[in-house]
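Read the structure below first, then the notes.
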Amino acid sequence: MISIPVFSQSGIDSFLTPADSLNVSREKAVLYSEFGLAAGALVGLSQLWYKDYPQSKFHFINDNSEWLQMDKIGHFYSAYHLNRLGCETMNWAGLPKNKQLVYGSVLSLGFLTTVEVFDGFSQKWGASSGDIIANVSGAGLYVSQELLWNEQRIIPKFSFHTTKYAKLRPEALGENFNEQLLKDYNGQTYWLSFNLRSFFKESKLPKWFNIALGYGGNGMITGEDFVNSDSDLSYIKRNREFYLSFDADLSKIETKSHFLKTFFSVINMIKIPAPTVKLGANGVVNFDCLYF
């Protein structure tokens, strides 16, 4: 008879509890697993994204004016959360704070810089100084808050909704939900979520209560505005949008369960749906009862 291990809630919580001091076996497990995942992701990216396009000498491009800078904010967001992932997993392994920050930064910037090198050797794309600055800024936001406050008071978050624009250029903006989630910048919103209780210690506000400032845009069919006025889509104008909304810092919810703490930490990168004020084109203000 094969014995199948059964993990109790207490067993899971014990496993997820951060070590009080360096746990070498946990450190090795983190290093091997994250190195393996990163290598697998890069190999997959190389095969699925780059191999069908011609290669060139390494070169830079200036794409800072494209997509209303939504792609740059995406780099900022990714760098922050990769840094956070590295630090939190090393905290689980029991490394001291300074080594956590070094490891998180190496993981974040190392992975994203490698992707930038892939772009640099691709004839269709090219390495982008704007991407690199966004990567460093995102990782820097995490590190600077840990050094300054020993906590994360400002968290980049993400939300998404499908849009009508993807149907107009599905090859560029995505043919299904999974592709649109990554490619359709019209449906993406990036947020900076501020934990008010962290800034106002004497406040009676709930510890988890946040105010979020968001940025997005619409009308982005291509990277830049249409040059050909005869295009069937040239009537579409791109517009920036700014948002003000409520949010929750799920990591501030008090619980003794390390399983829930881990779960809250994972999904804390996503902005919760909430009433939202939107400032759009020409200063028009709109209100959404539940924006996502």
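Residue numbering restarts at 1 in every chain; chains get A, B, ... in the order shown in the structure tokens, and ligands count up from 1 in that same order.
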Could you pull the residues within 6 Å of Phe194 of chain A, counting only C-alpha atoms, minus those fewer than 3 positions along the same chain, as an MDAnalysis selection string? chainID A and resid 153:154 210:212
How would you write, as a PyMOL selection string, the set of residues in segment 33-223 of chain A that DSSP gives as helix (DSSP H, G or I)? chain A and resi 33-50+66-92+97-120+129-149+165-167+170-173+177-183+185-187+196-199
Would you export the selected residues with C-alpha atoms as an mmCIF file, in the first residue's frame, please?
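Written output follows (part-v8.cif):
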data_model
loop_
_atom_site.group_PDB
_atom_site.id
_atom_site.type_symbol
_atom_site.label_atom_id
_atom_site.label_comp_id
_atom_site.auth_asym_id
_atom_site.auth_seq_id
_atom_site.Cartn_x
_atom_site.Cartn_y
_atom_site.Cartn_z
ATOM 1 C CA SER A 33 13.896 26.550 -7.110
ATOM 2 C CA GLU A 34 14.044 30.226 -8.063
ATOM 3 C CA PHE A 35 17.113 29.699 -10.267
ATOM 4 C CA GLY A 36 15.341 26.822 -11.977
ATOM 5 C CA LEU A 37 12.138 28.795 -12.469
ATOM 6 C CA ALA A 38 14.017 31.838 -13.778
ATOM 7 C CA ALA A 39 16.087 29.725 -16.170
ATOM 8 C CA GLY A 40 12.993 27.899 -17.382
ATOM 9 C CA ALA A 41 11.142 31.175 -17.906
ATOM 10 C CA LEU A 42 14.042 32.640 -19.890
ATOM 11 C CA VAL A 43 14.405 29.524 -22.060
ATOM 12 C CA GLY A 44 10.663 29.497 -22.676
ATOM 13 C CA LEU A 45 10.701 33.183 -23.516
ATOM 14 C CA SER A 46 13.564 32.674 -25.921
ATOM 15 C CA GLN A 47 11.769 29.820 -27.696
ATOM 16 C CA LEU A 48 8.242 31.219 -27.738
ATOM 17 C CA TRP A 49 8.875 34.937 -28.146
ATOM 18 C CA TYR A 50 12.191 35.538 -29.903
ATOM 19 C CA GLU A 66 5.194 54.410 -26.993
ATOM 20 C CA TRP A 67 2.019 53.047 -25.355
ATOM 21 C CA LEU A 68 1.647 56.186 -23.191
ATOM 22 C CA GLN A 69 4.518 54.730 -21.117
ATOM 23 C CA MET A 70 2.295 51.887 -19.877
ATOM 24 C CA ASP A 71 4.987 49.351 -20.773
ATOM 25 C CA LYS A 72 7.524 51.249 -18.667
ATOM 26 C CA ILE A 73 5.206 51.226 -15.660
ATOM 27 C CA GLY A 74 4.787 47.497 -16.220
ATOM 28 C CA HIS A 75 8.572 47.103 -15.899
ATOM 29 C CA PHE A 76 8.498 49.171 -12.695
ATOM 30 C CA TYR A 77 5.735 46.977 -11.289
ATOM 31 C CA SER A 78 7.451 43.713 -12.238
ATOM 32 C CA ALA A 79 10.806 44.777 -10.782
ATOM 33 C CA TYR A 80 9.215 45.752 -7.471
ATOM 34 C CA HIS A 81 7.378 42.468 -7.015
ATOM 35 C CA LEU A 82 10.297 40.289 -8.145
ATOM 36 C CA ASN A 83 12.389 42.097 -5.541
ATOM 37 C CA ARG A 84 9.676 41.530 -2.954
ATOM 38 C CA LEU A 85 9.497 37.833 -3.870
ATOM 39 C CA GLY A 86 13.229 37.426 -3.422
ATOM 40 C CA CYS A 87 13.235 39.161 -0.046
ATOM 41 C CA GLU A 88 10.228 37.313 1.319
ATOM 42 C CA THR A 89 11.503 33.890 0.314
ATOM 43 C CA MET A 90 14.879 34.630 1.894
ATOM 44 C CA ASN A 91 13.098 35.885 4.995
ATOM 45 C CA TRP A 92 11.417 32.460 5.115
ATOM 46 C CA LYS A 97 17.493 41.818 6.288
ATOM 47 C CA ASN A 98 20.571 43.192 4.488
ATOM 48 C CA LYS A 99 21.167 39.886 2.684
ATOM 49 C CA GLN A 100 17.474 39.632 1.828
ATOM 50 C CA LEU A 101 17.641 43.021 0.095
ATOM 51 C CA VAL A 102 20.766 42.082 -1.832
ATOM 52 C CA TYR A 103 19.283 38.775 -2.978
ATOM 53 C CA GLY A 104 15.945 40.369 -3.931
ATOM 54 C CA SER A 105 17.693 43.022 -6.003
ATOM 55 C CA VAL A 106 19.897 40.461 -7.761
ATOM 56 C CA LEU A 107 16.868 38.301 -8.579
ATOM 57 C CA SER A 108 14.790 41.217 -9.848
ATOM 58 C CA LEU A 109 17.396 43.108 -11.847
ATOM 59 C CA GLY A 110 19.213 39.984 -12.998
ATOM 60 C CA PHE A 111 16.100 38.452 -14.528
ATOM 61 C CA LEU A 112 14.811 41.647 -16.133
ATOM 62 C CA THR A 113 18.245 42.666 -17.438
ATOM 63 C CA THR A 114 18.538 39.280 -19.147
ATOM 64 C CA VAL A 115 15.199 39.904 -20.855
ATOM 65 C CA GLU A 116 16.538 43.308 -21.933
ATOM 66 C CA VAL A 117 19.600 41.617 -23.447
ATOM 67 C CA PHE A 118 17.283 39.322 -25.428
ATOM 68 C CA ASP A 119 15.521 42.431 -26.736
ATOM 69 C CA GLY A 120 18.860 44.003 -27.604
ATOM 70 C CA SER A 129 17.135 52.648 -21.587
ATOM 71 C CA GLY A 130 13.618 53.489 -20.413
ATOM 72 C CA ASP A 131 13.004 49.844 -19.502
ATOM 73 C CA ILE A 132 16.271 49.696 -17.557
ATOM 74 C CA ILE A 133 15.463 52.879 -15.629
ATOM 75 C CA ALA A 134 11.992 51.526 -14.826
ATOM 76 C CA ASN A 135 13.482 48.228 -13.622
ATOM 77 C CA VAL A 136 15.944 49.961 -11.309
ATOM 78 C CA SER A 137 13.238 52.316 -10.032
ATOM 79 C CA GLY A 138 10.849 49.472 -9.199
ATOM 80 C CA ALA A 139 13.497 47.489 -7.324
ATOM 81 C CA GLY A 140 14.621 50.721 -5.655
ATOM 82 C CA LEU A 141 11.140 51.457 -4.355
ATOM 83 C CA TYR A 142 11.100 48.203 -2.426
ATOM 84 C CA VAL A 143 14.646 48.510 -1.060
ATOM 85 C CA SER A 144 14.315 52.181 -0.096
ATOM 86 C CA GLN A 145 11.133 51.576 1.910
ATOM 87 C CA GLU A 146 12.736 48.708 3.809
ATOM 88 C CA LEU A 147 15.752 50.860 4.625
ATOM 89 C CA LEU A 148 13.709 53.941 5.505
ATOM 90 C CA TRP A 149 10.679 52.476 7.294
ATOM 91 C CA TYR A 165 -9.733 47.771 -28.744
ATOM 92 C CA ALA A 166 -8.353 44.225 -28.685
ATOM 93 C CA LYS A 167 -10.875 43.181 -31.353
ATOM 94 C CA PRO A 170 -6.023 41.086 -32.000
ATOM 95 C CA GLU A 171 -2.609 40.208 -33.446
ATOM 96 C CA ALA A 172 -1.073 43.053 -31.412
ATOM 97 C CA LEU A 173 -3.416 43.347 -28.431
ATOM 98 C CA PHE A 177 -8.153 36.907 -22.297
ATOM 99 C CA ASN A 178 -4.734 35.539 -21.366
ATOM 100 C CA GLU A 179 -3.036 37.345 -24.244
ATOM 101 C CA GLN A 180 -4.978 40.550 -23.653
ATOM 102 C CA LEU A 181 -3.981 40.525 -19.988
ATOM 103 C CA LEU A 182 -0.367 40.957 -21.126
ATOM 104 C CA LYS A 183 -0.740 42.888 -24.370
ATOM 105 C CA TYR A 185 -2.525 48.234 -22.380
ATOM 106 C CA ASN A 186 -5.989 49.799 -22.754
ATOM 107 C CA GLY A 187 -7.355 47.449 -20.112
ATOM 108 C CA LEU A 196 -2.587 55.516 5.559
ATOM 109 C CA ARG A 197 -2.167 53.961 9.002
ATOM 110 C CA SER A 198 1.549 53.526 8.319
ATOM 111 C CA PHE A 199 1.916 57.258 7.696
#
Residues flagged strand (DSSP E) by DSSP in segment 144-257 of chain A, as an MDAnalysis selection string: chainID A and resid 154:160 188:195 209:218 239:248
With 6 Å as the cut-off and only C-alpha atoms counted, what is the closest atom pair between each nearby residue of segment 80-172 of chain A and segment 11-30 of chain A? Distances in Å to one decimal, ordered by chain and number, as a tab-separated table.
residue	atom	partner	partner_atom	distance
A:Trp92	CA	A:Pro18	CA	3.9
A:Ala93	CA	A:Arg26	CA	5.0
A:Gly94	CA	A:Leu22	CA	4.2
A:Leu95	CA	A:Leu22	CA	5.2
For the selection you just gave me, I'd like the residues written to a file as a compact mmCIF listing (two decimals), in the first residue's frame, keeping N, CA and C atoms.
# COMPACT_ATOMS: atom_id res chain seq x y z
N TRP A 92 11.88 33.79 4.73
CA TRP A 92 11.42 32.46 5.11
C TRP A 92 12.60 31.55 5.43
N ALA A 93 13.71 31.75 4.70
CA ALA A 93 14.90 30.94 4.92
C ALA A 93 15.73 31.42 6.10
N GLY A 94 15.37 32.57 6.67
CA GLY A 94 16.05 33.04 7.87
C GLY A 94 17.25 33.93 7.63
N LEU A 95 17.43 34.46 6.41
CA LEU A 95 18.54 35.37 6.16
C LEU A 95 18.28 36.72 6.81
Need the shell around Phe246 of chain A: protein/DNA/RNA residues with any atom at most 12 Å away, counting only C-alpha atoms. Skip same-chain ones fewer than 4 positions apart. Format as an NGL selection string? :A and (191-196 or 208-214 or 271-277 or 288-292)
Restricting it to C-alpha atoms, dump the selection as a CSV table (one decimal), in the first residue's frame.
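Saved result, again22.csv, follows:
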chain,number,residue,atom,x,y,z
A,191,TRP,CA,-1.6,51.8,-9.0
A,192,LEU,CA,0.4,53.1,-6.1
A,193,SER,CA,-1.5,52.0,-3.0
A,194,PHE,CA,-0.7,54.0,0.1
A,195,ASN,CA,-1.3,52.5,3.6
A,196,LEU,CA,-2.6,55.5,5.6
A,208,TRP,CA,-5.3,47.5,6.2
A,209,PHE,CA,-7.0,50.7,4.8
A,210,ASN,CA,-5.3,52.1,1.7
A,211,ILE,CA,-5.8,54.9,-0.8
A,212,ALA,CA,-4.7,54.1,-4.3
A,213,LEU,CA,-3.6,56.4,-7.2
A,214,GLY,CA,-3.9,54.8,-10.6
A,271,LYS,CA,-5.8,46.0,-6.7
A,272,ILE,CA,-9.2,45.1,-5.3
A,273,PRO,CA,-12.3,46.4,-7.1
A,274,ALA,CA,-13.6,49.5,-5.4
A,275,PRO,CA,-15.5,52.8,-6.0
A,276,THR,CA,-13.2,55.0,-8.2
A,277,VAL,CA,-13.0,58.5,-9.4
A,288,ASP,CA,-17.3,54.2,-11.3
A,289,CYS,CA,-19.1,52.3,-8.5
A,290,LEU,CA,-16.8,49.3,-8.9
A,291,TYR,CA,-13.8,49.8,-11.1
A,292,PHE,CA,-11.3,47.0,-11.9
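Of the residues under consideration (A:Ser65, A:Thr189, A:Thr262, A:Ser251), A:Thr189 shows the shortest atom-to-atom contact distance to Lys278 of chain A when counting only C-alpha atoms.
In this model, the gap between atom CA of Val284 of chain A and atom CA of Asp232 of chain A comes to 26.6 Å.
The smallest atom-to-atom distance between Ile221 of chain A and any of A:Asn176, A:Leu205, A:Asn268, A:Leu168, using only C-alpha atoms, is found for A:Leu168.
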